[in-house]
Amino acid sequence: MHERTTHRPDSAKGQEVYPSAEAPGSQGMGAIWKRCRGSGEVSDPSSDPVPVEESFGAGCASVFEQQEYQSRSPHQKAGEREPETERSPGSADPRADAFKKRDELALTNRPKGATYSQEQRHRILEEVQGFRAQGFSISETLRGLGVCRSTYYGWLNPPTVRRKSASVLRLTAEEQHAITEKKKGEPHLSHRQVSGLLRQDGHWISPSSCYRRLKALGWVMAACLRTAPWKVARYEPFRPKQIWGEDWTILSIAGLRHYLLTIIDYFSRYIVAWAVVKTVTQREVQALVALAYMSEGIEQQHPKPIVRVDQGSPNTAIKTKRLIKDLEMLLSPARAYRPTDNARQERWYRTVKQEEIYCYPTYLSAEIARLSLAHYIEYYNEQRPHQALWNFTPGHVHRLGNNSQLLNHYRQMTQIAKERRKQINQEGIQQQLTVVPN
């Protein structure tokens, strides 16, 4: 029985040792690549008389024998026949230089995930074309060079650059400037109020767009609010002059306590009537209800408004009830210790206190207080956007008196603003494409 030679001193000298990641067998371009491509039997007079079937690798000779076999000239390989696809006539076998090419291209011991330079890409493309002209497939060449096939074909077919389409959400320079100037002029405005006020100037910009613009500039103020009160049942009107809320709050005039009485419309948050008095009795309440009745002109309206009040003695007095009954209105007392039953009135008081009353330690006189409050109530009714009214003003909603028409108008104007914005952005993109770089 023949013994197989496992080590030869003469062939081991000068033998190049490859790392495990670059072994010829793993890359497919070394000696093992050739022996696995050949037939089951290979004749070699200089090798040991060992049948090919007895060598390791299921019919493949050892690495040293194959390297020695490859180093021979074609004249020494008498009786052998090579496939035509592996070698072109009259040229040397380029597979022997595969690892040399890797060294030339700086691909040996290349870190995983590293990118290829522009020069490496051109050189790899040239080498692949050169090997392909000699009869080798692209896959074999790429395995020898250690380049992924998907990376190679990605270089050949780069992704097409998609044309950027115009966006209806991207604000124009004019709109951004309008937001900035409005916030500079009135820094106390929130992004929702800025959105509502810009509509009066013809800029239909959503509150979210105003918020993003102001946040990018660092102009968004943190709001420290109380937690929401306990949710209870409340009335929900569907038209103006259907439910009114009446109440009073404290303010200081010349260091003395005074009261601000108001009647608010539940539908539009519109301040129907108001008064500044030293004390609150049934006479002040009756005068305020009569003022609201006459100012709104509801003599011919049927049914008359429901008046929502708390259970204070001025509201539950007999004469107050009789007056409301004579005016054909309905008195609706809230539950005891339930301020949320008249929540919209209470929310109005929070607004007027934060934006007007608390701005002064005390009013100097009753005339100054009435003048200042009258100016603010006019601003609240006709100019200040209200979040609960889709950033429309209470006066506008009170006069329109229809939520369906209000929402249709809102959607129509926002659509017009989007189309205009899209057209302006499209023109800007076309101008950028027509600019020729120097």
# chains A, B, ... in the order shown; residues from 1 in each chain; ligands from 1
>>> select_by_dssp(residues="stretch 136-282 of chain A", states="strand (DSSP E)", output="MDAnalysis selection string")
chainID A and resid 243:253 256:265 271:277
>>> write_last_selection(atoms="N, CA and C atoms", output="mmCIF file, in the first residue's frame")
data_model
loop_
_atom_site.group_PDB
_atom_site.id
_atom_site.type_symbol
_atom_site.label_atom_id
_atom_site.label_comp_id
_atom_site.auth_asym_id
_atom_site.auth_seq_id
_atom_site.Cartn_x
_atom_site.Cartn_y
_atom_site.Cartn_z
ATOM 1 N N ILE A 243 -76.763 79.232 24.973
ATOM 2 C CA ILE A 243 -76.395 79.082 26.377
ATOM 3 C C ILE A 243 -75.447 80.215 26.736
ATOM 4 N N TRP A 244 -75.738 80.899 27.810
ATOM 5 C CA TRP A 244 -74.863 81.935 28.343
ATOM 6 C C TRP A 244 -74.332 81.489 29.699
ATOM 7 N N GLY A 245 -73.122 81.895 29.994
ATOM 8 C CA GLY A 245 -72.544 81.650 31.307
ATOM 9 C C GLY A 245 -72.296 82.961 32.025
ATOM 10 N N GLU A 246 -72.710 83.058 33.292
ATOM 11 C CA GLU A 246 -72.566 84.300 34.066
ATOM 12 C C GLU A 246 -71.805 84.020 35.346
ATOM 13 N N ASP A 247 -70.837 84.906 35.644
ATOM 14 C CA ASP A 247 -70.053 84.741 36.866
ATOM 15 C C ASP A 247 -69.276 86.034 37.087
ATOM 16 N N TRP A 248 -68.510 86.090 38.186
ATOM 17 C CA TRP A 248 -67.684 87.256 38.489
ATOM 18 C C TRP A 248 -66.370 86.807 39.106
ATOM 19 N N THR A 249 -65.374 87.671 39.039
ATOM 20 C CA THR A 249 -64.057 87.398 39.604
ATOM 21 C C THR A 249 -63.522 88.673 40.239
ATOM 22 N N ILE A 250 -62.457 88.525 41.033
ATOM 23 C CA ILE A 250 -61.916 89.632 41.829
ATOM 24 C C ILE A 250 -60.821 90.342 41.044
ATOM 25 N N LEU A 251 -60.720 91.659 41.212
ATOM 26 C CA LEU A 251 -59.591 92.444 40.748
ATOM 27 C C LEU A 251 -59.358 93.583 41.740
ATOM 28 N N SER A 252 -58.190 94.183 41.681
ATOM 29 C CA SER A 252 -57.810 95.220 42.640
ATOM 30 C C SER A 252 -57.770 96.582 41.957
ATOM 31 N N ILE A 253 -58.462 97.569 42.574
ATOM 32 C CA ILE A 253 -58.462 98.950 42.084
ATOM 33 C C ILE A 253 -58.088 99.849 43.255
ATOM 34 N N LEU A 256 -58.143 98.296 46.633
ATOM 35 C CA LEU A 256 -59.419 97.816 47.154
ATOM 36 C C LEU A 256 -59.979 96.721 46.246
ATOM 37 N N ARG A 257 -60.758 95.850 46.847
ATOM 38 C CA ARG A 257 -61.336 94.743 46.103
ATOM 39 C C ARG A 257 -62.511 95.229 45.261
ATOM 40 N N HIS A 258 -62.496 94.827 44.005
ATOM 41 C CA HIS A 258 -63.600 95.069 43.090
ATOM 42 C C HIS A 258 -63.888 93.758 42.355
ATOM 43 N N TYR A 259 -64.921 93.778 41.544
ATOM 44 C CA TYR A 259 -65.356 92.562 40.860
ATOM 45 C C TYR A 259 -65.608 92.856 39.385
ATOM 46 N N LEU A 260 -65.249 91.874 38.576
ATOM 47 C CA LEU A 260 -65.523 91.910 37.139
ATOM 48 C C LEU A 260 -66.623 90.901 36.845
ATOM 49 N N LEU A 261 -67.788 91.394 36.429
ATOM 50 C CA LEU A 261 -68.921 90.552 36.063
ATOM 51 C C LEU A 261 -68.942 90.408 34.542
ATOM 52 N N THR A 262 -69.165 89.186 34.067
ATOM 53 C CA THR A 262 -69.222 88.944 32.623
ATOM 54 C C THR A 262 -70.275 87.895 32.316
ATOM 55 N N ILE A 263 -70.792 87.977 31.099
ATOM 56 C CA ILE A 263 -71.659 86.950 30.514
ATOM 57 C C ILE A 263 -71.002 86.533 29.204
ATOM 58 N N ILE A 264 -70.741 85.236 29.066
ATOM 59 C CA ILE A 264 -70.054 84.704 27.896
ATOM 60 C C ILE A 264 -70.996 83.775 27.143
ATOM 61 N N ASP A 265 -70.900 83.793 25.822
ATOM 62 C CA ASP A 265 -71.676 82.873 24.990
ATOM 63 C C ASP A 265 -70.930 81.548 24.883
ATOM 64 N N ILE A 271 -67.743 87.523 24.625
ATOM 65 C CA ILE A 271 -68.163 88.231 25.830
ATOM 66 C C ILE A 271 -69.352 89.122 25.453
ATOM 67 N N VAL A 272 -70.521 88.713 25.916
ATOM 68 C CA VAL A 272 -71.753 89.401 25.547
ATOM 69 C C VAL A 272 -71.908 90.712 26.321
ATOM 70 N N ALA A 273 -71.645 90.676 27.635
ATOM 71 C CA ALA A 273 -71.777 91.871 28.474
ATOM 72 C C ALA A 273 -70.810 91.750 29.638
ATOM 73 N N TRP A 274 -70.375 92.898 30.172
ATOM 74 C CA TRP A 274 -69.450 92.891 31.301
ATOM 75 C C TRP A 274 -69.615 94.197 32.076
ATOM 76 N N ALA A 275 -69.128 94.181 33.332
ATOM 77 C CA ALA A 275 -69.220 95.357 34.200
ATOM 78 C C ALA A 275 -68.196 95.225 35.308
ATOM 79 N N VAL A 276 -67.715 96.372 35.804
ATOM 80 C CA VAL A 276 -66.807 96.441 36.950
ATOM 81 C C VAL A 276 -67.566 97.112 38.089
ATOM 82 N N VAL A 277 -67.711 96.408 39.222
ATOM 83 C CA VAL A 277 -68.506 96.912 40.354
ATOM 84 C C VAL A 277 -67.725 96.713 41.648
#
>>> closest_atom_pairs(of="stretch 154-258 of chain A", to="stretch 293-300 of chain A", cutoff="12 Å", atoms="only C-alpha atoms", output="tab-separated table")
residue	atom	partner	partner_atom	distance
A:Pro240	CA	A:Glu296	CA	10.3
A:Lys241	CA	A:Glu296	CA	8.2
A:Gln242	CA	A:Ile298	CA	10.5
A:Trp244	CA	A:Tyr293	CA	10.7
>>> closest_residue(among="A:Leu407, A:Leu156, A:Ala114, A:Val220", to="A:Val128", atoms="only C-alpha atoms")
A:Leu156
>>> closest_residue(among="A:Tyr270, A:Gln129, A:Trp219, A:Gly135", to="A:Phe392", atoms="only C-alpha atoms")
A:Tyr270
>>> atom_distance(atom1="atom CA of A:Leu217", atom2="atom CA of A:Gln176")
11.0 Å
>>> residues_around(residues="stretch 116-122 of chain A", least_positions_apart="4", cutoff="12 Å", atoms="only C-alpha atoms", output="VMD selection string")
chain A and resid 101 to 107 110 to 112 126 to 129 145 147 to 148 151 to 156
>>> write_last_selection(atoms="N, CA and C atoms", output="PDB file, in the first residue's frame")
ATOM      1  N   LYS A 101      -2.701  40.665  -7.541  1.00  0.00           N
ATOM      2  CA  LYS A 101      -3.583  41.783  -7.842  1.00  0.00           C
ATOM      3  C   LYS A 101      -4.239  42.332  -6.574  1.00  0.00           C
ATOM      4  N   ARG A 102      -4.568  41.431  -5.670  1.00  0.00           N
ATOM      5  CA  ARG A 102      -5.161  41.883  -4.397  1.00  0.00           C
ATOM      6  C   ARG A 102      -4.184  42.767  -3.627  1.00  0.00           C
ATOM      7  N   ASP A 103      -2.893  42.371  -3.652  1.00  0.00           N
ATOM      8  CA  ASP A 103      -1.906  43.203  -2.968  1.00  0.00           C
ATOM      9  C   ASP A 103      -1.727  44.540  -3.676  1.00  0.00           C
ATOM     10  N   GLU A 104      -1.731  44.515  -5.008  1.00  0.00           N
ATOM     11  CA  GLU A 104      -1.558  45.760  -5.749  1.00  0.00           C
ATOM     12  C   GLU A 104      -2.723  46.715  -5.506  1.00  0.00           C
ATOM     13  N   LEU A 105      -3.914  46.148  -5.364  1.00  0.00           N
ATOM     14  CA  LEU A 105      -5.101  46.985  -5.151  1.00  0.00           C
ATOM     15  C   LEU A 105      -5.361  47.271  -3.682  1.00  0.00           C
ATOM     16  N   ALA A 106      -4.438  46.841  -2.802  1.00  0.00           N
ATOM     17  CA  ALA A 106      -4.585  47.076  -1.354  1.00  0.00           C
ATOM     18  C   ALA A 106      -5.857  46.448  -0.824  1.00  0.00           C
ATOM     19  N   LEU A 107      -6.165  45.216  -1.296  1.00  0.00           N
ATOM     20  CA  LEU A 107      -7.349  44.492  -0.832  1.00  0.00           C
ATOM     21  C   LEU A 107      -7.015  43.414   0.177  1.00  0.00           C
ATOM     22  N   ARG A 110      -8.062  43.621   4.223  1.00  0.00           N
ATOM     23  CA  ARG A 110      -8.930  44.808   4.209  1.00  0.00           C
ATOM     24  C   ARG A 110      -9.984  44.680   5.308  1.00  0.00           C
ATOM     25  N   PRO A 111     -10.156  45.713   6.148  1.00  0.00           N
ATOM     26  CA  PRO A 111     -11.158  45.615   7.236  1.00  0.00           C
ATOM     27  C   PRO A 111     -12.557  45.406   6.674  1.00  0.00           C
ATOM     28  N   LYS A 112     -13.339  44.660   7.403  1.00  0.00           N
ATOM     29  CA  LYS A 112     -14.710  44.389   6.985  1.00  0.00           C
ATOM     30  C   LYS A 112     -15.552  45.658   7.074  1.00  0.00           C
ATOM     31  N   GLU A 126     -11.281  47.451 -14.221  1.00  0.00           N
ATOM     32  CA  GLU A 126     -10.353  47.124 -15.303  1.00  0.00           C
ATOM     33  C   GLU A 126      -9.855  45.684 -15.199  1.00  0.00           C
ATOM     34  N   GLU A 127      -9.520  45.246 -13.968  1.00  0.00           N
ATOM     35  CA  GLU A 127      -9.034  43.871 -13.796  1.00  0.00           C
ATOM     36  C   GLU A 127     -10.111  42.856 -14.150  1.00  0.00           C
ATOM     37  N   VAL A 128     -11.345  43.133 -13.747  1.00  0.00           N
ATOM     38  CA  VAL A 128     -12.421  42.189 -14.071  1.00  0.00           C
ATOM     39  C   VAL A 128     -12.609  42.095 -15.571  1.00  0.00           C
ATOM     40  N   GLN A 129     -12.551  43.236 -16.271  1.00  0.00           N
ATOM     41  CA  GLN A 129     -12.690  43.195 -17.723  1.00  0.00           C
ATOM     42  C   GLN A 129     -11.517  42.465 -18.370  1.00  0.00           C
ATOM     43  N   LEU A 145     -10.475  38.279  -6.179  1.00  0.00           N
ATOM     44  CA  LEU A 145     -10.124  39.610  -5.677  1.00  0.00           C
ATOM     45  C   LEU A 145     -10.743  39.917  -4.323  1.00  0.00           C
ATOM     46  N   VAL A 147     -14.015  40.670  -3.773  1.00  0.00           N
ATOM     47  CA  VAL A 147     -15.000  41.747  -3.930  1.00  0.00           C
ATOM     48  C   VAL A 147     -16.377  41.124  -4.050  1.00  0.00           C
ATOM     49  N   CYS A 148     -17.339  41.700  -3.368  1.00  0.00           N
ATOM     50  CA  CYS A 148     -18.705  41.183  -3.395  1.00  0.00           C
ATOM     51  C   CYS A 148     -19.335  41.459  -4.760  1.00  0.00           C
ATOM     52  N   THR A 151     -21.621  44.510  -4.796  1.00  0.00           N
ATOM     53  CA  THR A 151     -20.868  45.766  -4.831  1.00  0.00           C
ATOM     54  C   THR A 151     -20.383  46.078  -6.237  1.00  0.00           C
ATOM     55  N   TYR A 152     -19.920  45.060  -6.931  1.00  0.00           N
ATOM     56  CA  TYR A 152     -19.425  45.262  -8.286  1.00  0.00           C
ATOM     57  C   TYR A 152     -20.533  45.721  -9.225  1.00  0.00           C
ATOM     58  N   TYR A 153     -21.668  45.026  -9.174  1.00  0.00           N
ATOM     59  CA  TYR A 153     -22.763  45.407 -10.070  1.00  0.00           C
ATOM     60  C   TYR A 153     -23.385  46.739  -9.657  1.00  0.00           C
ATOM     61  N   GLY A 154     -23.238  47.086  -8.381  1.00  0.00           N
ATOM     62  CA  GLY A 154     -23.685  48.406  -7.971  1.00  0.00           C
ATOM     63  C   GLY A 154     -22.855  49.516  -8.591  1.00  0.00           C
ATOM     64  N   TRP A 155     -21.557  49.246  -8.793  1.00  0.00           N
ATOM     65  CA  TRP A 155     -20.704  50.230  -9.480  1.00  0.00           C
ATOM     66  C   TRP A 155     -21.085  50.339 -10.946  1.00  0.00           C
ATOM     67  N   LEU A 156     -21.427  49.210 -11.556  1.00  0.00           N
ATOM     68  CA  LEU A 156     -21.791  49.245 -12.971  1.00  0.00           C
ATOM     69  C   LEU A 156     -23.134  49.932 -13.205  1.00  0.00           C
TER      70      LEU A 156
END
>>> residues_around(residues="A:Tyr363", least_positions_apart="3", cutoff="8 Å", atoms="only C-alpha atoms", output="ChimeraX atom specification")
/A:252-255,360,366,368-369
>>> residues_around(residues="A:Leu406", least_positions_apart="5", cutoff="9 Å", atoms="only C-alpha atoms", output="PyMOL selection string")
chain A and resi 390+392+397+400-401+411
